[in-house]
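Each remark here refers to the structure printed beneath this line.
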Amino acid sequence: MKALVMRAHGDLSQLIVDQAPRPQLVNPTDVVVKIKAAALNHLDLWTLGGLPGLTLSLPHVLGGDGAGIVTEIGPAVTRVERGDKVLINPGISCYRCDACRAGEHSLCPTYKLLGEHVPGTLAEFVVVPEQNLAPLPVPSPPHSALSWPEAAAFSLSTLTAWRMLITRAAVRPGERVLVWGVGGGVASSALKIAKLAGAYVIATSSSDRKLRAAQTWGADATINHDEADVVKEVRSLTGQIRGIDVVVENVGEATWNKSLRVLAPGGRIVTCGGTTGHNLVTDVRKLYWYQWSILGSTMGNADEYRQIVRLLGQGHLRPIVDSVHPLDDAVEAFRRLASGEHMGKVVVEI
């Protein structure tokens with residue numbers, strides 16, 4: 001089959017569109033999906049560059065997000081049939097351990113992500129357990145049908161943001177939420193989810209173009225974090241004492257201190273990454289005096305995935321697609337992602 005493969009860890013020169021072995025059914029509940037579109041995530045760039053403790057069999061197929069049509073099913077599959085149009089949840093669990101039985105699939109000891117730990121979606125076919133598939137929803141009128149690029153762009157960033165805002169931070173109506181770096185997949189989804197929950201949302205970006213887009217997505221206020229003092233602006237918007245109830249973080253070292261400085265008493269910081277560095281400094285005296293909560297979050301569980309797919313079918317949380325590239329032009333799609341100029345998800349049609 002045709003696929004975008006990583007020949008070695010390194011830069012974009014290590015990517016090539018080539019022939020790769022077609023994946024086969026291994027377990028009785030496995031399903032083969034013919035990919036119609038796959039969406040890129042920063043995780044793909046980090047996997048390409050090499051992650052500590054991650055050893056892959058090369059060449060390796062990247063891509064976590066995807067959507068397509070079921071073509072083969074294992075003998076024990078009951079949830080889908082050949083010909084079904086499906087979304088793919090990129091997080092693969094064992095579905096047998098204590099964490100999985102408790103419904104905490106992303107805490108499974110063998111948890112894996114498509115494209116990172118196992119071959120991914122930037123290929124004509126992928127194999128996943130049936131538990132990782134959801135029927136492609138048909139939005140109710142007046143909402144239009146989902147395109148394959150939209151379907152591919154939905155799962156990873158929306159599931160990650162949903163768990164961050166709803167499950168971990170438990171954002172409530174009327175609370176004030178700060179979202180760093182709007183324009184990327186997780187941040188843009190976080191903005192929409194916070195608004196759906198009834199929060200007042202402040203979004204930041206270094207791009208005025210992305211800030212204008214954030215306003216159309218529902219942001220109540222925006223800040224150019226390269227040009228303005230974010231702490232001063234947030235305090236002006238929220239009041240010196242009140243501050244921010246929930247900060248959505250995935251930047252790390254570059255923003256951590258500012259996130260703490262705008263946090264209200266009893267506030268929560270929820271983080272899913274550290275793109276600018278992982279060594280964070282926190283004054284423990286302020287942590288306990290103001291009774292802050294610092295929350296980590298990774299992907300989500302099966303129930304959370306069902307919730308967001310249901311909302312998608314109701315016309316909510318529709319992903320923003322920045323650009324669509326054919327598979328033969330997939331390396332250019334990676335260049336677009338690496339440039340940071342994208343607004344929404346970069347998608348590859350297979």
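Each chain of the structure tokens is named A, B, ... in the order shown, its residues numbered from 1; ligands are numbered from 1 in display order.
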
message: Would you pick out the contacts of Thr71 of chain A at 8 Å or less, using only C-alpha atoms, so that residues sharing its chain but fewer than 4 positions from it are not included, and give the list as a list in words?
response: Val31, Val32, Val33, Lys34, Arg82 and Gly83 of chain A

Next, the residues of the selection above should be written as a PDB file, in the first residue's frame with C-alpha atoms.
```pdb
ATOM      1  CA  VAL A  31     -10.728  -3.952  12.002  1.00  0.00           C
ATOM      2  CA  VAL A  32      -9.100  -2.776   8.763  1.00  0.00           C
ATOM      3  CA  VAL A  33     -10.052   0.772   7.790  1.00  0.00           C
ATOM      4  CA  LYS A  34      -9.423   2.193   4.329  1.00  0.00           C
ATOM      5  CA  ARG A  82     -17.847  -3.753   6.187  1.00  0.00           C
ATOM      6  CA  GLY A  83     -18.706  -0.548   4.403  1.00  0.00           C
TER       7      GLY A  83
END
```

Would you mind listing, for every residue of segment 110-214 of chain A within 12 Å of segment 6-27 of chain A, the two atoms forming the shortest contact and the distance between them in Å to one decimal, using only C-alpha atoms, sorted by chain and ascending residue number, as a Markdown table?
```
| residue | atom | partner | partner_atom | distance |
| --- | --- | --- | --- | --- |
| A:Gly115 | CA | A:Met6 | CA | 10.3 |
| A:Glu116 | CA | A:Met6 | CA | 11.2 |
| A:Val118 | CA | A:Pro23 | CA | 11.1 |
| A:Pro119 | CA | A:Pro23 | CA | 8.8 |
| A:Gly120 | CA | A:Pro23 | CA | 10.3 |
| A:Thr121 | CA | A:Pro23 | CA | 11.1 |
| A:Leu122 | CA | A:Val17 | CA | 9.5 |
| A:Ala123 | CA | A:Ala20 | CA | 8.3 |
| A:Glu124 | CA | A:Arg22 | CA | 8.3 |
| A:Phe125 | CA | A:Arg22 | CA | 6.7 |
| A:Val126 | CA | A:Pro23 | CA | 6.2 |
| A:Val127 | CA | A:Pro23 | CA | 6.1 |
| A:Val128 | CA | A:Leu25 | CA | 8.7 |
| A:Pro129 | CA | A:Asn27 | CA | 8.0 |
| A:Glu130 | CA | A:Asn27 | CA | 10.2 |
```

Serialized selection, N, CA, C and O atoms, as a tab-separated table (two decimals), in the first residue's frame:
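Result written to result_21.tsv:
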```tsv
chain	number	residue	atom	x	y	z
A	115	GLY	N	0.51	6.14	15.11
A	115	GLY	CA	1.51	7.04	14.55
A	115	GLY	C	2.69	7.29	15.45
A	115	GLY	O	3.76	7.69	14.97
A	116	GLU	N	2.50	7.10	16.76
A	116	GLU	CA	3.63	7.27	17.69
A	116	GLU	C	4.21	5.91	18.07
A	116	GLU	O	5.39	5.63	17.81
A	118	VAL	N	2.62	2.80	17.28
A	118	VAL	CA	2.26	1.78	16.29
A	118	VAL	C	2.02	2.49	14.96
A	118	VAL	O	1.79	3.69	14.92
A	119	PRO	N	2.05	1.75	13.84
A	119	PRO	CA	1.84	2.39	12.53
A	119	PRO	C	0.53	3.17	12.48
A	119	PRO	O	-0.50	2.72	12.99
A	120	GLY	N	0.59	4.33	11.82
A	120	GLY	CA	-0.52	5.27	11.88
A	120	GLY	C	-1.38	5.37	10.64
A	120	GLY	O	-1.43	4.45	9.80
A	121	THR	N	-2.01	6.53	10.51
A	121	THR	CA	-3.10	6.73	9.55
A	121	THR	C	-2.67	7.36	8.22
A	121	THR	O	-3.51	7.50	7.33
A	122	LEU	N	-1.41	7.76	8.08
A	122	LEU	CA	-0.97	8.37	6.83
A	122	LEU	C	-0.63	7.28	5.81
A	122	LEU	O	0.48	7.18	5.28
A	123	ALA	N	-1.64	6.47	5.53
A	123	ALA	CA	-1.49	5.31	4.66
A	123	ALA	C	-2.86	4.94	4.10
A	123	ALA	O	-3.89	5.43	4.57
A	124	GLU	N	-2.86	4.07	3.11
A	124	GLU	CA	-4.13	3.67	2.51
A	124	GLU	C	-4.98	2.84	3.46
A	124	GLU	O	-6.21	2.86	3.39
A	125	PHE	N	-4.32	2.10	4.38
A	125	PHE	CA	-5.06	1.25	5.31
A	125	PHE	C	-4.42	1.31	6.70
A	125	PHE	O	-3.21	1.52	6.83
A	126	VAL	N	-5.25	1.11	7.74
A	126	VAL	CA	-4.75	1.01	9.10
A	126	VAL	C	-5.59	-0.05	9.82
A	126	VAL	O	-6.76	-0.27	9.48
A	127	VAL	N	-4.99	-0.71	10.80
A	127	VAL	CA	-5.70	-1.69	11.62
A	127	VAL	C	-5.84	-1.15	13.04
A	127	VAL	O	-4.85	-0.70	13.63
A	128	VAL	N	-7.06	-1.20	13.57
A	128	VAL	CA	-7.33	-0.76	14.94
A	128	VAL	C	-8.34	-1.71	15.57
A	128	VAL	O	-9.10	-2.38	14.86
A	129	PRO	N	-8.40	-1.76	16.91
A	129	PRO	CA	-9.46	-2.53	17.57
A	129	PRO	C	-10.83	-1.89	17.29
A	129	PRO	O	-10.94	-0.68	17.10
A	130	GLU	N	-11.87	-2.71	17.27
A	130	GLU	CA	-13.21	-2.18	17.00
A	130	GLU	C	-13.63	-1.12	18.03
A	130	GLU	O	-14.41	-0.22	17.72
```

field: Selected residue of minimal separation from Thr216 of chain A among A:Gly68, A:Pro52, A:Ala187, A:Lys192, counting only C-alpha atoms
entry: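 Between A:Gly68, A:Pro52, A:Ala187, A:Lys192, the residue approaching Thr216 of chain A most closely is A:Lys192.
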
Closest of A:Val309, A:Leu62, A:Leu191, A:Cys94 to Ser155 of chain A - atom-to-atom distances counting only C-alpha atoms: A:Val309

Pull the closest atom pair for each residue of segment 127-152 of chain A that gets at most 12 Å from segment 337-347 of chain A, along with the distance in Å to one decimal, counting only C-alpha atoms, ordering rows by chain and then ascending residue number, as CSV.
```
residue,atom,partner,partner_atom,distance
A:Ser147,CA,A:Val347,CA,11.4
A:Trp148,CA,A:Val347,CA,9.5
A:Pro149,CA,A:Val347,CA,6.1
A:Glu150,CA,A:Val347,CA,8.5
A:Ala151,CA,A:Val347,CA,10.0
A:Ala152,CA,A:Val347,CA,7.4
```
